[in-house]
Amino acid sequence: MSTTDTTPVSHNSYFEGMVQSLGLLTEKGKATVGVMKAGKYTFGTSSAEEMVIISGELSAKLPECEWAIYLPQQSFSITANESFDVSCDTDVAYICYYQ
């Protein structure tokens, strides 16, 4: 990426500010880096996603799966046009790659 890129950083805020993310371009393409405050959330996808936990512990219930716990450096993928539930007891940082 060029150092002269003047595209502003995109910012998304969900669930009354309890989940926030910043958009960026990575070697894998479009991504967001975000933070979730402790809580329970349901997300929907418009494209396939890979979510990598950076900090904290996240429980996720993907479609047709049981709840699973994800720790730092662990990831999960979800297809487009799906919804999934997450729960965290402490703040969680993540990066989400869009495919």
# chains A, B, ... in the order shown; residues from 1 in each chain; ligands from 1
>>> residues_around(residues="A:Ser21", least_positions_apart="2", cutoff="10 Å", atoms="only C-alpha atoms", output="list in words")
Ser10, His11, Asn12, Ser13, Tyr14, Gly17, Val19, Gly23, Leu24, Ala31, Thr32, Val33, Gly34, Val35, Met36, Ala93, Tyr94, Ile95 and Cys96 of chain A
>>> write_last_selection(atoms="C-alpha atoms", output="PDB file, in the first residue's frame")
ATOM      1  CA  SER A  10     -13.599   3.587   8.080  1.00  0.00           C
ATOM      2  CA  HIS A  11     -15.216   3.290  11.507  1.00  0.00           C
ATOM      3  CA  ASN A  12     -18.163   1.085  12.434  1.00  0.00           C
ATOM      4  CA  SER A  13     -20.048   1.111  15.716  1.00  0.00           C
ATOM      5  CA  TYR A  14     -22.548  -1.584  16.705  1.00  0.00           C
ATOM      6  CA  GLY A  17     -21.019   1.454  20.873  1.00  0.00           C
ATOM      7  CA  VAL A  19     -18.583  -3.206  19.490  1.00  0.00           C
ATOM      8  CA  GLY A  23     -11.370  -0.747   8.434  1.00  0.00           C
ATOM      9  CA  LEU A  24      -8.058  -1.356   6.692  1.00  0.00           C
ATOM     10  CA  ALA A  31     -10.320  -6.317   7.032  1.00  0.00           C
ATOM     11  CA  THR A  32     -11.484  -4.693  10.238  1.00  0.00           C
ATOM     12  CA  VAL A  33      -9.741  -4.529  13.593  1.00  0.00           C
ATOM     13  CA  GLY A  34     -12.176  -4.245  16.440  1.00  0.00           C
ATOM     14  CA  VAL A  35     -13.022  -4.409  20.108  1.00  0.00           C
ATOM     15  CA  MET A  36     -16.028  -5.971  21.832  1.00  0.00           C
ATOM     16  CA  ALA A  93      -9.908  -7.598  20.414  1.00  0.00           C
ATOM     17  CA  TYR A  94     -10.154  -9.200  16.981  1.00  0.00           C
ATOM     18  CA  ILE A  95      -9.304  -8.858  13.310  1.00  0.00           C
ATOM     19  CA  CYS A  96     -11.857  -9.879  10.734  1.00  0.00           C
TER      20      CYS A  96
END
>>> residues_around(residues="A:Leu58", least_positions_apart="5", cutoff="12 Å", atoms="only C-alpha atoms", output="number ranges by chain")
A: 35-41, 51-53, 67-76, 85-94
>>> write_last_selection(atoms="N, CA, C and O atoms", output="compact mmCIF listing (two decimals), in the first residue's frame")
# COMPACT_ATOMS: atom_id res chain seq x y z
N VAL A 35 -12.95 -4.12 18.68
CA VAL A 35 -13.02 -4.41 20.11
C VAL A 35 -14.48 -4.65 20.47
O VAL A 35 -15.37 -3.93 20.01
N MET A 36 -14.70 -5.69 21.28
CA MET A 36 -16.03 -5.97 21.83
C MET A 36 -15.95 -5.82 23.34
O MET A 36 -15.07 -6.43 23.97
N LYS A 37 -16.82 -5.05 23.90
CA LYS A 37 -16.96 -5.01 25.35
C LYS A 37 -17.65 -6.30 25.79
O LYS A 37 -18.32 -6.96 24.99
N ALA A 38 -17.48 -6.67 27.03
CA ALA A 38 -18.13 -7.88 27.54
C ALA A 38 -19.62 -7.83 27.23
O ALA A 38 -20.26 -6.79 27.38
N GLY A 39 -20.16 -8.95 26.74
CA GLY A 39 -21.57 -9.00 26.42
C GLY A 39 -21.89 -10.14 25.47
O GLY A 39 -21.04 -10.98 25.19
N LYS A 40 -23.13 -10.14 24.97
CA LYS A 40 -23.60 -11.14 24.02
C LYS A 40 -24.12 -10.39 22.80
O LYS A 40 -24.88 -9.43 22.94
N TYR A 41 -23.74 -10.88 21.61
CA TYR A 41 -24.07 -10.18 20.37
C TYR A 41 -24.41 -11.19 19.28
O TYR A 41 -23.89 -12.30 19.26
N MET A 51 -12.58 -14.63 11.35
CA MET A 51 -12.35 -13.81 12.54
C MET A 51 -11.23 -14.43 13.36
O MET A 51 -11.29 -15.61 13.70
N VAL A 52 -10.21 -13.63 13.66
CA VAL A 52 -9.06 -14.06 14.45
C VAL A 52 -9.08 -13.29 15.76
O VAL A 52 -9.15 -12.05 15.76
N ILE A 53 -9.03 -14.00 16.87
CA ILE A 53 -9.02 -13.35 18.18
C ILE A 53 -7.60 -12.86 18.45
O ILE A 53 -6.63 -13.60 18.31
N TRP A 67 -21.65 -24.21 20.77
CA TRP A 67 -20.80 -23.12 21.24
C TRP A 67 -19.35 -23.61 21.32
O TRP A 67 -19.10 -24.75 21.74
N ALA A 68 -18.41 -22.76 20.92
CA ALA A 68 -16.98 -23.09 20.99
C ALA A 68 -16.24 -21.86 21.51
O ALA A 68 -16.65 -20.72 21.28
N ILE A 69 -15.15 -22.10 22.22
CA ILE A 69 -14.33 -21.02 22.80
C ILE A 69 -13.12 -20.78 21.91
O ILE A 69 -12.44 -21.73 21.49
N TYR A 70 -12.84 -19.50 21.65
CA TYR A 70 -11.69 -19.11 20.84
C TYR A 70 -10.79 -18.20 21.67
O TYR A 70 -11.26 -17.23 22.28
N LEU A 71 -9.52 -18.54 21.71
CA LEU A 71 -8.49 -17.82 22.46
C LEU A 71 -7.61 -17.03 21.50
O LEU A 71 -7.70 -17.22 20.28
N PRO A 72 -6.72 -16.16 22.01
CA PRO A 72 -5.85 -15.40 21.12
C PRO A 72 -5.12 -16.29 20.11
O PRO A 72 -4.64 -17.38 20.45
N GLN A 73 -5.08 -15.81 18.87
CA GLN A 73 -4.47 -16.46 17.71
C GLN A 73 -5.32 -17.59 17.14
O GLN A 73 -4.94 -18.19 16.15
N GLN A 74 -6.47 -17.88 17.74
CA GLN A 74 -7.39 -18.86 17.16
C GLN A 74 -8.40 -18.13 16.29
O GLN A 74 -8.68 -16.94 16.50
N SER A 75 -8.96 -18.84 15.31
CA SER A 75 -9.87 -18.19 14.38
C SER A 75 -11.03 -19.12 14.01
O SER A 75 -10.98 -20.33 14.25
N PHE A 76 -12.04 -18.52 13.42
CA PHE A 76 -13.13 -19.29 12.83
C PHE A 76 -13.59 -18.57 11.58
O PHE A 76 -13.37 -17.37 11.40
N ASP A 85 -23.80 -16.07 16.81
CA ASP A 85 -23.83 -15.47 18.13
C ASP A 85 -22.45 -15.53 18.76
O ASP A 85 -21.70 -16.50 18.56
N VAL A 86 -22.11 -14.48 19.51
CA VAL A 86 -20.86 -14.46 20.27
C VAL A 86 -21.16 -14.01 21.69
O VAL A 86 -22.13 -13.29 21.93
N SER A 87 -20.29 -14.42 22.60
CA SER A 87 -20.41 -14.03 24.00
C SER A 87 -19.00 -13.88 24.56
O SER A 87 -18.13 -14.71 24.27
N CYS A 88 -18.78 -12.83 25.33
CA CYS A 88 -17.48 -12.65 25.98
C CYS A 88 -17.71 -12.06 27.38
O CYS A 88 -18.55 -11.21 27.56
N ASP A 89 -16.95 -12.58 28.34
CA ASP A 89 -17.05 -12.12 29.73
C ASP A 89 -16.12 -10.95 30.01
O ASP A 89 -16.26 -10.28 31.03
N THR A 90 -15.13 -10.75 29.15
CA THR A 90 -14.21 -9.62 29.25
C THR A 90 -14.08 -9.00 27.86
O THR A 90 -14.56 -9.56 26.88
N ASP A 91 -13.42 -7.88 27.76
CA ASP A 91 -13.22 -7.23 26.47
C ASP A 91 -12.40 -8.14 25.55
O ASP A 91 -11.50 -8.85 26.01
N VAL A 92 -12.73 -8.12 24.27
CA VAL A 92 -12.06 -8.94 23.26
C VAL A 92 -11.62 -8.04 22.11
O VAL A 92 -12.38 -7.17 21.67
N ALA A 93 -10.39 -8.26 21.62
CA ALA A 93 -9.91 -7.60 20.41
C ALA A 93 -9.82 -8.65 19.32
O ALA A 93 -9.47 -9.81 19.58
N TYR A 94 -10.13 -8.24 18.09
CA TYR A 94 -10.15 -9.20 16.98
C TYR A 94 -9.77 -8.51 15.68
O TYR A 94 -9.80 -7.28 15.57
>>> select_by_dssp(residues="chain A", states="strand (DSSP E)", output="ChimeraX atom specification")
/A:11-14,19-26,29-36,39-44,49-55,58-61,67-70,75-78,83-88,92-98
>>> write_last_selection(atoms="C-alpha atoms", output="CSV table (one decimal), in the first residue's frame")
chain,number,residue,atom,x,y,z
A,11,HIS,CA,-15.2,3.3,11.5
A,12,ASN,CA,-18.2,1.1,12.4
A,13,SER,CA,-20.0,1.1,15.7
A,14,TYR,CA,-22.5,-1.6,16.7
A,19,VAL,CA,-18.6,-3.2,19.5
A,20,GLN,CA,-16.4,-0.9,17.3
A,21,SER,CA,-14.1,-1.6,14.4
A,22,LEU,CA,-11.7,0.2,12.1
A,23,GLY,CA,-11.4,-0.7,8.4
A,24,LEU,CA,-8.1,-1.4,6.7
A,25,LEU,CA,-6.5,-3.1,3.7
A,26,THR,CA,-4.2,-6.0,4.5
A,29,GLY,CA,-7.6,-7.8,1.4
A,30,LYS,CA,-10.3,-5.9,3.3
A,31,ALA,CA,-10.3,-6.3,7.0
A,32,THR,CA,-11.5,-4.7,10.2
A,33,VAL,CA,-9.7,-4.5,13.6
A,34,GLY,CA,-12.2,-4.2,16.4
A,35,VAL,CA,-13.0,-4.4,20.1
A,36,MET,CA,-16.0,-6.0,21.8
A,39,GLY,CA,-21.6,-9.0,26.4
A,40,LYS,CA,-23.6,-11.1,24.0
A,41,TYR,CA,-24.1,-10.2,20.4
A,42,THR,CA,-25.6,-11.5,17.2
A,43,PHE,CA,-23.8,-10.7,13.9
A,44,GLY,CA,-24.8,-11.2,10.3
A,49,GLU,CA,-15.4,-13.8,6.9
A,50,GLU,CA,-12.5,-15.1,9.0
A,51,MET,CA,-12.4,-13.8,12.5
A,52,VAL,CA,-9.1,-14.1,14.5
A,53,ILE,CA,-9.0,-13.4,18.2
A,54,ILE,CA,-6.2,-11.0,19.2
A,55,SER,CA,-6.9,-10.6,22.9
A,58,LEU,CA,-14.6,-15.3,22.8
A,59,SER,CA,-17.4,-18.0,22.7
A,60,ALA,CA,-19.1,-18.3,19.3
A,61,LYS,CA,-22.1,-20.3,18.1
A,67,TRP,CA,-20.8,-23.1,21.2
A,68,ALA,CA,-17.0,-23.1,21.0
A,69,ILE,CA,-14.3,-21.0,22.8
A,70,TYR,CA,-11.7,-19.1,20.8
A,75,SER,CA,-9.9,-18.2,14.4
A,76,PHE,CA,-13.1,-19.3,12.8
A,77,SER,CA,-14.7,-18.8,9.4
A,78,ILE,CA,-18.3,-18.2,8.5
A,83,SER,CA,-25.8,-15.0,11.4
A,84,PHE,CA,-23.8,-16.1,14.4
A,85,ASP,CA,-23.8,-15.5,18.1
A,86,VAL,CA,-20.9,-14.5,20.3
A,87,SER,CA,-20.4,-14.0,24.0
A,88,CYS,CA,-17.5,-12.6,26.0
A,92,VAL,CA,-12.1,-8.9,23.3
A,93,ALA,CA,-9.9,-7.6,20.4
A,94,TYR,CA,-10.2,-9.2,17.0
A,95,ILE,CA,-9.3,-8.9,13.3
A,96,CYS,CA,-11.9,-9.9,10.7
A,97,TYR,CA,-10.8,-10.7,7.1
A,98,TYR,CA,-13.5,-10.4,4.4
>>> atom_distance(atom1="atom CA of A:Asn81", atom2="atom CA of A:Glu57")
24.9 Å
>>> residues_around(residues="A:Ala80", least_positions_apart="3", cutoff="7 Å", atoms="only C-alpha atoms", output="list of chain:residue names")
A:Thr45, A:Ser46, A:Ser47, A:Ala48
